[in-house]
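J.: The structure file input-v7.cif (mmCIF, C-alpha atoms, pLDDT in the B column; chains and numbers go by the auth columns) is provided below.
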data_protein
#
loop_
_atom_site.group_PDB
_atom_site.id
_atom_site.type_symbol
_atom_site.label_atom_id
_atom_site.label_comp_id
_atom_site.label_asym_id
_atom_site.label_seq_id
_atom_site.Cartn_x
_atom_site.Cartn_y
_atom_site.Cartn_z
_atom_site.B_iso_or_equiv
_atom_site.auth_seq_id
_atom_site.auth_asym_id
ATOM 1 C CA MET A 1 9.433 21.973 -8.045 81.00 9 A
ATOM 2 C CA ALA A 2 7.731 18.556 -8.300 88.00 10 A
ATOM 3 C CA LYS A 3 5.097 17.623 -5.742 92.00 11 A
ATOM 4 C CA ILE A 4 5.193 14.173 -4.075 95.00 12 A
ATOM 5 C CA LEU A 5 2.477 12.514 -1.986 96.00 13 A
ATOM 6 C CA VAL A 6 3.744 10.182 0.762 97.00 14 A
ATOM 7 C CA VAL A 7 1.184 7.790 2.300 96.00 15 A
ATOM 8 C CA ASP A 8 2.016 5.805 5.430 94.00 16 A
ATOM 9 C CA ASP A 9 0.213 5.043 8.676 92.00 17 A
ATOM 10 C CA GLU A 10 3.467 5.273 10.646 92.00 18 A
ATOM 11 C CA PRO A 11 4.120 8.891 11.712 94.00 19 A
ATOM 12 C CA ASP A 12 7.853 8.144 12.047 93.00 20 A
ATOM 13 C CA VAL A 13 8.042 7.220 8.359 92.00 21 A
ATOM 14 C CA LEU A 14 6.222 10.392 7.350 94.00 22 A
ATOM 15 C CA ASP A 15 8.393 12.454 9.700 94.00 23 A
ATOM 16 C CA SER A 16 11.598 11.074 8.173 92.00 24 A
ATOM 17 C CA THR A 17 10.717 10.857 4.462 93.00 25 A
ATOM 18 C CA ALA A 18 9.078 14.288 4.099 95.00 26 A
ATOM 19 C CA PRO A 19 12.156 16.318 5.213 95.00 27 A
ATOM 20 C CA LEU A 20 14.436 14.079 3.160 93.00 28 A
ATOM 21 C CA LEU A 21 12.408 14.688 0.005 94.00 29 A
ATOM 22 C CA ARG A 22 12.132 18.412 0.763 95.00 30 A
ATOM 23 C CA SER A 23 15.927 18.563 1.016 93.00 31 A
ATOM 24 C CA CYS A 24 15.978 17.127 -2.530 91.00 32 A
ATOM 25 C CA ASP A 25 13.871 20.077 -3.723 91.00 33 A
ATOM 26 C CA PHE A 26 10.523 18.309 -3.826 93.00 34 A
ATOM 27 C CA ARG A 27 7.313 19.727 -2.417 94.00 35 A
ATOM 28 C CA VAL A 28 5.890 17.045 -0.155 96.00 36 A
ATOM 29 C CA GLU A 29 2.414 16.345 1.145 96.00 37 A
ATOM 30 C CA THR A 30 1.680 13.477 3.517 97.00 38 A
ATOM 31 C CA ALA A 31 -1.325 11.311 4.258 95.00 39 A
ATOM 32 C CA GLY A 32 -1.653 8.969 7.228 93.00 40 A
ATOM 33 C CA SER A 33 -4.528 6.884 5.869 91.00 41 A
ATOM 34 C CA ARG A 34 -6.093 5.497 2.725 89.00 42 A
ATOM 35 C CA GLU A 35 -8.973 7.946 3.015 90.00 43 A
ATOM 36 C CA GLU A 36 -6.706 10.977 3.330 93.00 44 A
ATOM 37 C CA ALA A 37 -4.575 9.777 0.413 92.00 45 A
ATOM 38 C CA LEU A 38 -7.607 9.367 -1.855 90.00 46 A
ATOM 39 C CA ARG A 39 -8.928 12.781 -0.813 92.00 47 A
ATOM 40 C CA ARG A 40 -5.603 14.421 -1.664 93.00 48 A
ATOM 41 C CA LEU A 41 -5.377 12.547 -4.980 89.00 49 A
ATOM 42 C CA GLY A 42 -8.845 13.831 -5.794 87.00 50 A
ATOM 43 C CA LEU A 43 -7.827 17.449 -5.193 87.00 51 A
ATOM 44 C CA ARG A 44 -4.591 17.778 -7.147 85.00 52 A
ATOM 45 C CA SER A 45 -2.007 16.016 -9.233 84.00 53 A
ATOM 46 C CA TYR A 46 1.387 14.812 -8.041 90.00 54 A
ATOM 47 C CA ALA A 47 4.639 14.058 -9.820 90.00 55 A
ATOM 48 C CA ALA A 48 4.835 10.769 -7.876 93.00 56 A
ATOM 49 C CA LEU A 49 3.185 8.769 -5.120 96.00 57 A
ATOM 50 C CA ILE A 50 5.031 6.909 -2.352 96.00 58 A
ATOM 51 C CA CYS A 51 2.669 4.539 -0.544 95.00 59 A
ATOM 52 C CA ASP A 52 2.956 1.975 2.233 93.00 60 A
ATOM 53 C CA LEU A 53 1.741 -1.437 1.092 90.00 61 A
ATOM 54 C CA HIS A 54 0.117 -2.243 4.443 87.00 62 A
ATOM 55 C CA LEU A 55 -2.322 0.385 5.710 86.00 63 A
ATOM 56 C CA PRO A 56 -4.597 -0.414 8.694 80.00 64 A
ATOM 57 C CA THR A 57 -7.938 -0.147 6.922 69.00 65 A
ATOM 58 C CA GLU A 58 -10.267 -2.466 5.117 56.00 66 A
ATOM 59 C CA ALA A 59 -8.389 -1.635 1.928 59.00 67 A
ATOM 60 C CA ASP A 60 -4.607 -1.630 2.061 83.00 68 A
ATOM 61 C CA GLY A 61 -1.983 0.195 0.053 89.00 69 A
ATOM 62 C CA LEU A 62 -2.752 -1.917 -3.005 90.00 70 A
ATOM 63 C CA ALA A 63 -6.201 -0.318 -3.084 89.00 71 A
ATOM 64 C CA VAL A 64 -4.619 3.148 -3.002 92.00 72 A
ATOM 65 C CA LEU A 65 -2.241 2.051 -5.757 93.00 73 A
ATOM 66 C CA LYS A 66 -5.078 0.720 -7.930 91.00 74 A
ATOM 67 C CA GLN A 67 -7.203 3.839 -7.480 88.00 75 A
ATOM 68 C CA ALA A 68 -4.238 6.141 -8.106 90.00 76 A
ATOM 69 C CA ARG A 69 -3.297 4.137 -11.188 87.00 77 A
ATOM 70 C CA ALA A 70 -6.895 4.326 -12.490 86.00 78 A
ATOM 71 C CA ALA A 71 -7.028 8.107 -12.007 85.00 79 A
ATOM 72 C CA PHE A 72 -3.438 8.868 -13.072 86.00 80 A
ATOM 73 C CA PRO A 73 -2.142 5.988 -15.206 86.00 81 A
ATOM 74 C CA LEU A 74 1.160 7.726 -15.967 85.00 82 A
ATOM 75 C CA MET A 75 2.050 8.825 -12.416 90.00 83 A
ATOM 76 C CA PRO A 76 4.993 6.881 -10.945 92.00 84 A
ATOM 77 C CA VAL A 77 4.117 4.955 -7.775 94.00 85 A
ATOM 78 C CA LEU A 78 6.758 3.685 -5.350 94.00 86 A
ATOM 79 C CA MET A 79 5.441 1.147 -2.840 93.00 87 A
ATOM 80 C CA LEU A 80 7.008 0.701 0.630 91.00 88 A
ATOM 81 C CA THR A 81 6.649 -2.222 3.004 83.00 89 A
ATOM 82 C CA GLY A 82 8.038 -3.336 6.325 79.00 90 A
ATOM 83 C CA GLY A 83 7.296 -6.983 5.601 73.00 91 A
ATOM 84 C CA GLY A 84 8.865 -7.371 2.208 67.00 92 A
ATOM 85 C CA SER A 85 8.312 -10.637 0.435 76.00 93 A
ATOM 86 C CA ILE A 86 8.560 -11.737 -3.150 78.00 94 A
ATOM 87 C CA SER A 87 4.803 -12.278 -3.341 82.00 95 A
ATOM 88 C CA SER A 88 3.990 -8.770 -2.057 80.00 96 A
ATOM 89 C CA ALA A 89 6.480 -7.229 -4.495 80.00 97 A
ATOM 90 C CA VAL A 90 4.944 -9.170 -7.368 84.00 98 A
ATOM 91 C CA ALA A 91 1.420 -8.156 -6.289 84.00 99 A
ATOM 92 C CA ALA A 92 2.429 -4.474 -6.118 87.00 100 A
ATOM 93 C CA MET A 93 4.140 -4.560 -9.510 88.00 101 A
ATOM 94 C CA ARG A 94 1.177 -6.359 -11.104 88.00 102 A
ATOM 95 C CA ALA A 95 -1.161 -3.739 -9.641 88.00 103 A
ATOM 96 C CA GLY A 96 0.871 -1.036 -11.364 89.00 104 A
ATOM 97 C CA ALA A 97 3.632 0.007 -8.966 91.00 105 A
ATOM 98 C CA THR A 98 6.581 1.558 -10.737 91.00 106 A
ATOM 99 C CA ASP A 99 9.005 0.371 -8.047 90.00 107 A
ATOM 100 C CA TYR A 100 9.126 -1.191 -4.597 89.00 108 A
ATOM 101 C CA LEU A 101 11.273 -0.562 -1.487 89.00 109 A
ATOM 102 C CA CYS A 102 11.512 -2.429 1.811 86.00 110 A
ATOM 103 C CA LYS A 103 11.633 -0.699 5.194 85.00 111 A
ATOM 104 C CA PRO A 104 13.728 0.391 6.959 87.00 112 A
ATOM 105 C CA ILE A 105 14.165 2.922 4.194 87.00 113 A
ATOM 106 C CA ASP A 106 17.642 3.687 2.914 88.00 114 A
ATOM 107 C CA CYS A 107 17.382 7.478 2.572 87.00 115 A
ATOM 108 C CA ASP A 108 19.931 7.765 -0.234 88.00 116 A
ATOM 109 C CA ARG A 109 18.245 5.040 -2.227 91.00 117 A
ATOM 110 C CA LEU A 110 14.777 6.560 -1.717 92.00 118 A
ATOM 111 C CA ALA A 111 15.956 10.006 -2.795 91.00 119 A
ATOM 112 C CA SER A 112 17.712 8.566 -5.845 91.00 120 A
ATOM 113 C CA GLN A 113 14.715 6.471 -6.893 91.00 121 A
ATOM 114 C CA ILE A 114 12.258 9.336 -6.531 92.00 122 A
ATOM 115 C CA ARG A 115 14.531 11.666 -8.531 90.00 123 A
ATOM 116 C CA ASP A 116 14.780 9.040 -11.281 88.00 124 A
ATOM 117 C CA LEU A 117 11.030 8.355 -11.286 87.00 125 A
ATOM 118 C CA VAL A 118 10.079 12.020 -11.407 86.00 126 A
ATOM 119 C CA ASN A 119 12.669 12.828 -14.064 82.00 127 A
ATOM 120 C CA SER A 120 11.506 9.958 -16.259 76.00 128 A
ATOM 121 C CA ALA A 121 7.822 10.787 -15.707 65.00 129 A
ATOM 122 C CA THR A 122 7.515 13.950 -17.726 54.00 130 A
ATOM 123 C CA VAL A 123 5.711 14.776 -20.912 45.00 131 A
ATOM 124 C CA THR A 124 6.676 17.425 -23.374 35.00 132 A
ATOM 125 C CA VAL A 125 4.171 18.291 -26.045 33.00 133 A
ATOM 126 C CA GLY A 126 6.207 18.893 -29.170 34.00 134 A
ATOM 127 C CA ASP A 127 5.901 21.308 -32.034 33.00 135 A
ATOM 128 C CA ARG A 128 3.147 21.355 -34.625 31.00 136 A
ATOM 129 C CA SER A 129 4.345 18.009 -35.970 31.00 137 A
ATOM 130 C CA GLY A 130 2.571 16.334 -33.064 32.00 138 A
ATOM 131 C CA ALA A 131 5.692 14.951 -31.394 30.00 139 A
ATOM 132 C CA VAL A 132 5.217 13.741 -27.846 34.00 140 A
ATOM 133 C CA GLU A 133 8.258 12.896 -25.771 35.00 141 A
ATOM 134 C CA THR A 134 8.444 11.349 -22.328 37.00 142 A
ATOM 135 C CA GLY A 135 11.507 11.205 -20.131 37.00 143 A
ATOM 136 C CA GLY A 136 14.432 13.339 -19.137 35.00 144 A
ATOM 137 C CA ASN A 137 14.699 16.604 -17.272 31.00 145 A
ATOM 138 C CA ALA A 138 13.623 18.843 -20.148 31.00 146 A
ATOM 139 C CA GLY A 139 9.916 18.021 -19.843 34.00 147 A
ATOM 140 C CA ILE A 140 7.225 19.636 -17.799 33.00 148 A
ATOM 141 C CA PRO A 141 5.235 17.762 -15.144 36.00 149 A
ATOM 142 C CA ARG A 142 2.240 15.976 -16.602 37.00 150 A
ATOM 143 C CA PRO A 143 -1.066 17.767 -16.177 35.00 151 A
ATOM 144 C CA ALA A 144 -3.643 15.756 -14.261 34.00 152 A
ATOM 145 C CA VAL A 145 -6.643 17.017 -16.214 33.00 153 A
ATOM 146 C CA SER A 146 -7.891 14.795 -19.006 37.00 154 A
ATOM 147 C CA SER A 147 -9.390 16.314 -22.122 40.00 155 A
ATOM 148 C CA LEU A 148 -11.039 12.971 -22.867 43.00 156 A
ATOM 149 C CA PRO A 149 -13.124 11.950 -19.826 45.00 157 A
ATOM 150 C CA GLY A 150 -12.368 8.536 -18.389 47.00 158 A
ATOM 151 C CA ARG A 151 -9.118 8.070 -20.275 46.00 159 A
ATOM 152 C CA GLY A 152 -6.814 9.445 -17.551 49.00 160 A
ATOM 153 C CA VAL A 153 -4.359 10.891 -20.042 47.00 161 A
ATOM 154 C CA PRO A 154 -2.768 14.330 -20.009 52.00 162 A
ATOM 155 C CA GLU A 155 -4.652 17.239 -21.535 55.00 163 A
ATOM 156 C CA PHE A 156 -3.965 17.681 -25.246 55.00 164 A
ATOM 157 C CA VAL A 157 -5.322 20.077 -27.812 56.00 165 A
ATOM 158 C CA GLY A 158 -7.211 18.310 -30.574 59.00 166 A
ATOM 159 C CA HIS A 159 -9.925 15.711 -30.814 62.00 167 A
ATOM 160 C CA SER A 160 -9.398 14.389 -34.323 67.00 168 A
ATOM 161 C CA PRO A 161 -9.503 10.633 -35.007 72.00 169 A
ATOM 162 C CA GLY A 162 -5.710 10.689 -35.351 71.00 170 A
ATOM 163 C CA MET A 163 -5.264 12.376 -31.938 70.00 171 A
ATOM 164 C CA ARG A 164 -7.699 9.923 -30.336 70.00 172 A
ATOM 165 C CA GLN A 165 -5.670 7.049 -31.799 73.00 173 A
ATOM 166 C CA LEU A 166 -2.478 8.583 -30.396 71.00 174 A
ATOM 167 C CA LEU A 167 -4.049 9.027 -26.945 71.00 175 A
ATOM 168 C CA ASP A 168 -5.332 5.451 -27.009 72.00 176 A
ATOM 169 C CA SER A 169 -1.788 4.210 -27.677 73.00 177 A
ATOM 170 C CA LEU A 170 -0.189 5.972 -24.659 72.00 178 A
ATOM 171 C CA PRO A 171 -1.074 3.381 -21.974 73.00 179 A
ATOM 172 C CA ARG A 172 1.211 0.788 -23.554 73.00 180 A
ATOM 173 C CA PHE A 173 4.151 3.020 -22.572 71.00 181 A
ATOM 174 C CA ASP A 174 2.919 3.382 -18.980 71.00 182 A
ATOM 175 C CA ASN A 175 5.410 1.034 -17.338 70.00 183 A
ATOM 176 C CA THR A 176 8.442 1.788 -19.467 68.00 184 A
ATOM 177 C CA ARG A 177 11.469 3.467 -17.942 66.00 185 A
ATOM 178 C CA SER A 178 12.774 4.389 -21.378 67.00 186 A
ATOM 179 C CA THR A 179 12.353 7.594 -23.267 69.00 187 A
ATOM 180 C CA VAL A 180 9.463 7.359 -25.707 69.00 188 A
ATOM 181 C CA ARG A 181 9.058 9.651 -28.690 71.00 189 A
ATOM 182 C CA ILE A 182 5.986 9.499 -30.889 68.00 190 A
ATOM 183 C CA MET A 183 6.072 11.350 -34.209 69.00 191 A
ATOM 184 C CA VAL A 184 2.991 11.866 -36.356 62.00 192 A
ATOM 185 C CA GLU A 185 2.244 13.919 -39.426 64.00 193 A
ATOM 186 C CA SER A 186 0.254 17.084 -38.969 56.00 194 A
#
Show me, as structure tokens, the structure contained in the file I just sent.
T.:
Amino acid sequence: MAKILVVDDEPDVLDSTAPLLRSCDFRVETAGSREEALRRLGLRSYAALICDLHLPTEADGLAVLKQARAAFPLMPVLMLTGGGSISSAVAAMRAGATDYLCKPIDCDRLASQIRDLVNSATVTVGDRSGAVETGGNAGIPRPAVSSLPGRGVPEFVGHSPGMRQLLDSLPRFDNTRSTVRIMVES
């Protein structure tokens, strides 16, 4: 069961989205502030993050997005806002949001988008040929631990120059919604 973190300063939003996502077979944790969100992100990994764009602190939801993206570059992030505008959507997408929804939240649309994001955000480490595949339901949730400090990529076995080159190439697939398969010789 995939774990989702929902960040919003409005208790009503947390109280409505958490049960909805639980009914879709997700484990859900909530955070009512930027600080709580960053603390939770520091403790464990999540299959996806849902975050309000406007949080009542010195740093808004974009700051949470940027810090989450820096720590977990492959984790899908869905941004929410009550004051949706083209400029805020563009800012969120440029900062690394995977998608963007305006409040009031359409429950069916939210559930569908989160299912799609989580299903497309999986990594399967292939056989000895070195195949890496992202996408689909067959994968396992990405591990949050990085074997190469500071790179924010999933844990892989191997530190050869070829593996380092492969790991360095992964960020260019970060914002794709397509299935990506990388094949290398062993």
J.: Of the candidates A:Asn127, A:Asn183, A:Thr25, A:Ser93, which one gets nearest to Ala10 (chain A) if we count all atoms listed in the file?
T.: A:Asn127
J.: The PyMOL selection byres ((chain A and resi 56) around 12) on the file shown: which residues, as a ChimeraX atom specification?
T.: /A:10-15,29,34-37,49,52-55,57-59,73,76-77,80-87,105-107,121-130,149-150,152
J.: Do you have the CA of Leu28 (chain A)-CA of Arg102 (chain A) distance handy?
T.: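 So the two atoms, CA of Leu28 (chain A) and CA of Arg102 (chain A), lie 28.2 Å apart.
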J.: Which residue out of A:Ser95, A:Ser41, A:Ser31, A:Ser177 has the minimum interatomic distance to Gly69 (chain A) when all atoms listed in the file are used?
T.: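 Of all the options, A:Ser41 lies closest to Gly69 (chain A).
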J.: Smallest atom-to-atom distance to Leu46 (chain A): which of A:Arg180, A:Lys74, A:Arg172, A:Arg189, using all atoms listed in the file?
T.: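 Once distances to Leu46 (chain A) are computed over all atoms listed in the file, the minimum belongs to A:Lys74.
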J.: Between CA of Leu70 (chain A) and CA of Pro179 (chain A), measure the distance and give it in Å to one decimal.
T.: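 A separation of 19.8 Å between them.
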J.: Go ahead and compute the interatomic distance for CA of Ala119 (chain A) and CA of Asp20 (chain A), in Å to one decimal.
T.: 17.0 Å
J.: Using all atoms listed in the file, can you tell me which of A:Cys110, A:Gly50, A:Gln173, A:Thr89 comes closest to Asp68 (chain A)?
T.: A:Thr89
J.: For the structure just given, write the atoms of region 87-131 of chain A, namely N, CA and C atoms, as an mmCIF file, in the first residue's frame.
T.:
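Result saved to selection-v1.cif:
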data_model
loop_
_atom_site.group_PDB
_atom_site.id
_atom_site.type_symbol
_atom_site.label_atom_id
_atom_site.label_comp_id
_atom_site.auth_asym_id
_atom_site.auth_seq_id
_atom_site.Cartn_x
_atom_site.Cartn_y
_atom_site.Cartn_z
ATOM 1 N N MET A 87 0.368 19.824 -6.448
ATOM 2 C CA MET A 87 0.151 21.072 -5.717
ATOM 3 C C MET A 87 -1.333 21.442 -5.764
ATOM 4 N N LEU A 88 -1.845 21.969 -4.631
ATOM 5 C CA LEU A 88 -3.228 22.425 -4.510
ATOM 6 C C LEU A 88 -3.239 23.925 -4.220
ATOM 7 N N THR A 89 -4.245 24.620 -4.709
ATOM 8 C CA THR A 89 -4.385 26.022 -4.342
ATOM 9 C C THR A 89 -5.842 26.456 -4.407
ATOM 10 N N GLY A 90 -6.181 27.357 -3.509
ATOM 11 C CA GLY A 90 -7.522 27.932 -3.499
ATOM 12 C C GLY A 90 -7.606 29.148 -4.392
ATOM 13 N N GLY A 91 -6.484 29.746 -4.701
ATOM 14 C CA GLY A 91 -6.447 30.933 -5.549
ATOM 15 C C GLY A 91 -5.709 30.653 -6.830
ATOM 16 N N GLY A 92 -6.246 29.731 -7.605
ATOM 17 C CA GLY A 92 -5.564 29.290 -8.812
ATOM 18 C C GLY A 92 -5.441 30.379 -9.853
ATOM 19 N N SER A 93 -4.236 30.541 -10.341
ATOM 20 C CA SER A 93 -3.989 31.460 -11.445
ATOM 21 C C SER A 93 -2.970 30.808 -12.362
ATOM 22 N N ILE A 94 -2.900 31.310 -13.566
ATOM 23 C CA ILE A 94 -1.944 30.765 -14.519
ATOM 24 C C ILE A 94 -0.521 30.953 -14.006
ATOM 25 N N SER A 95 -0.240 32.114 -13.424
ATOM 26 C CA SER A 95 1.126 32.368 -12.952
ATOM 27 C C SER A 95 1.517 31.444 -11.798
ATOM 28 N N SER A 96 0.577 31.139 -10.889
ATOM 29 C CA SER A 96 0.922 30.231 -9.789
ATOM 30 C C SER A 96 1.100 28.806 -10.300
ATOM 31 N N ALA A 97 0.310 28.407 -11.284
ATOM 32 C CA ALA A 97 0.467 27.073 -11.870
ATOM 33 C C ALA A 97 1.818 26.956 -12.567
ATOM 34 N N VAL A 98 2.184 27.979 -13.305
ATOM 35 C CA VAL A 98 3.479 27.977 -13.991
ATOM 36 C C VAL A 98 4.614 27.931 -12.981
ATOM 37 N N ALA A 99 4.517 28.732 -11.903
ATOM 38 C CA ALA A 99 5.557 28.739 -10.874
ATOM 39 C C ALA A 99 5.697 27.366 -10.230
ATOM 40 N N ALA A 100 4.574 26.709 -9.925
ATOM 41 C CA ALA A 100 4.615 25.383 -9.308
ATOM 42 C C ALA A 100 5.226 24.359 -10.259
ATOM 43 N N MET A 101 4.852 24.394 -11.520
ATOM 44 C CA MET A 101 5.382 23.439 -12.483
ATOM 45 C C MET A 101 6.875 23.681 -12.718
ATOM 46 N N ARG A 102 7.285 24.927 -12.767
ATOM 47 C CA ARG A 102 8.716 25.238 -12.934
ATOM 48 C C ARG A 102 9.529 24.800 -11.725
ATOM 49 N N ALA A 103 8.915 24.839 -10.545
ATOM 50 C CA ALA A 103 9.607 24.425 -9.326
ATOM 51 C C ALA A 103 9.659 22.908 -9.191
ATOM 52 N N GLY A 104 8.966 22.197 -10.073
ATOM 53 C CA GLY A 104 9.052 20.746 -10.070
ATOM 54 C C GLY A 104 7.783 20.000 -9.746
ATOM 55 N N ALA A 105 6.649 20.692 -9.643
ATOM 56 C CA ALA A 105 5.387 19.994 -9.393
ATOM 57 C C ALA A 105 5.080 19.066 -10.567
ATOM 58 N N THR A 106 4.543 17.913 -10.245
ATOM 59 C CA THR A 106 4.157 16.964 -11.275
ATOM 60 C C THR A 106 2.797 17.342 -11.855
ATOM 61 N N ASP A 107 1.930 17.897 -10.990
ATOM 62 C CA ASP A 107 0.601 18.324 -11.432
ATOM 63 C C ASP A 107 0.079 19.363 -10.466
ATOM 64 N N TYR A 108 -1.088 19.912 -10.768
ATOM 65 C CA TYR A 108 -1.617 21.081 -10.077
ATOM 66 C C TYR A 108 -3.140 20.989 -10.083
ATOM 67 N N LEU A 109 -3.776 21.193 -8.925
ATOM 68 C CA LEU A 109 -5.239 21.184 -8.831
ATOM 69 C C LEU A 109 -5.723 22.417 -8.080
ATOM 70 N N CYS A 110 -6.854 22.952 -8.501
ATOM 71 C CA CYS A 110 -7.452 24.093 -7.803
ATOM 72 C C CYS A 110 -8.514 23.604 -6.824
ATOM 73 N N LYS A 111 -8.612 24.310 -5.691
ATOM 74 C CA LYS A 111 -9.669 24.050 -4.716
ATOM 75 C C LYS A 111 -10.904 24.824 -5.162
ATOM 76 N N PRO A 112 -12.093 24.413 -4.840
ATOM 77 C CA PRO A 112 -12.421 23.205 -4.076
ATOM 78 C C PRO A 112 -12.041 21.961 -4.872
ATOM 79 N N ILE A 113 -11.612 20.955 -4.145
ATOM 80 C CA ILE A 113 -11.077 19.744 -4.754
ATOM 81 C C ILE A 113 -12.207 18.840 -5.229
ATOM 82 N N ASP A 114 -12.114 18.421 -6.470
ATOM 83 C CA ASP A 114 -13.015 17.413 -7.017
ATOM 84 C C ASP A 114 -12.452 16.068 -6.569
ATOM 85 N N CYS A 115 -13.155 15.390 -5.677
ATOM 86 C CA CYS A 115 -12.646 14.160 -5.058
ATOM 87 C C CYS A 115 -12.312 13.081 -6.080
ATOM 88 N N ASP A 116 -13.170 12.903 -7.076
ATOM 89 C CA ASP A 116 -12.904 11.880 -8.090
ATOM 90 C C ASP A 116 -11.647 12.205 -8.876
ATOM 91 N N ARG A 117 -11.494 13.463 -9.214
ATOM 92 C CA ARG A 117 -10.311 13.870 -9.977
ATOM 93 C C ARG A 117 -9.039 13.710 -9.141
ATOM 94 N N LEU A 118 -9.084 14.092 -7.871
ATOM 95 C CA LEU A 118 -7.930 13.944 -6.991
ATOM 96 C C LEU A 118 -7.540 12.475 -6.874
ATOM 97 N N ALA A 119 -8.499 11.621 -6.603
ATOM 98 C CA ALA A 119 -8.225 10.194 -6.461
ATOM 99 C C ALA A 119 -7.625 9.625 -7.748
ATOM 100 N N SER A 120 -8.185 10.002 -8.884
ATOM 101 C CA SER A 120 -7.689 9.523 -10.165
ATOM 102 C C SER A 120 -6.258 10.004 -10.431
ATOM 103 N N GLN A 121 -6.001 11.275 -10.160
ATOM 104 C CA GLN A 121 -4.665 11.817 -10.399
ATOM 105 C C GLN A 121 -3.630 11.170 -9.491
ATOM 106 N N ILE A 122 -3.958 10.971 -8.232
ATOM 107 C CA ILE A 122 -2.999 10.364 -7.318
ATOM 108 C C ILE A 122 -2.735 8.917 -7.724
ATOM 109 N N ARG A 123 -3.776 8.175 -8.098
ATOM 110 C CA ARG A 123 -3.567 6.801 -8.573
ATOM 111 C C ARG A 123 -2.622 6.794 -9.769
ATOM 112 N N ASP A 124 -2.873 7.687 -10.733
ATOM 113 C CA ASP A 124 -2.022 7.749 -11.924
ATOM 114 C C ASP A 124 -0.590 8.127 -11.574
ATOM 115 N N LEU A 125 -0.422 9.112 -10.691
ATOM 116 C CA LEU A 125 0.928 9.551 -10.317
ATOM 117 C C LEU A 125 1.691 8.445 -9.601
ATOM 118 N N VAL A 126 1.034 7.783 -8.670
ATOM 119 C CA VAL A 126 1.704 6.724 -7.916
ATOM 120 C C VAL A 126 2.011 5.538 -8.820
ATOM 121 N N ASN A 127 1.078 5.187 -9.685
ATOM 122 C CA ASN A 127 1.315 4.056 -10.591
ATOM 123 C C ASN A 127 2.427 4.337 -11.588
ATOM 124 N N SER A 128 2.569 5.584 -12.001
ATOM 125 C CA SER A 128 3.624 5.910 -12.964
ATOM 126 C C SER A 128 4.953 6.170 -12.272
ATOM 127 N N ALA A 129 4.938 6.343 -10.960
ATOM 128 C CA ALA A 129 6.159 6.654 -10.209
ATOM 129 C C ALA A 129 6.679 5.431 -9.486
ATOM 130 N N THR A 130 7.041 4.425 -10.250
ATOM 131 C CA THR A 130 7.614 3.225 -9.664
ATOM 132 C C THR A 130 8.902 2.897 -10.395
ATOM 133 N N VAL A 131 9.742 2.179 -9.741
ATOM 134 C CA VAL A 131 10.997 1.752 -10.355
ATOM 135 C C VAL A 131 11.125 0.257 -10.132
#
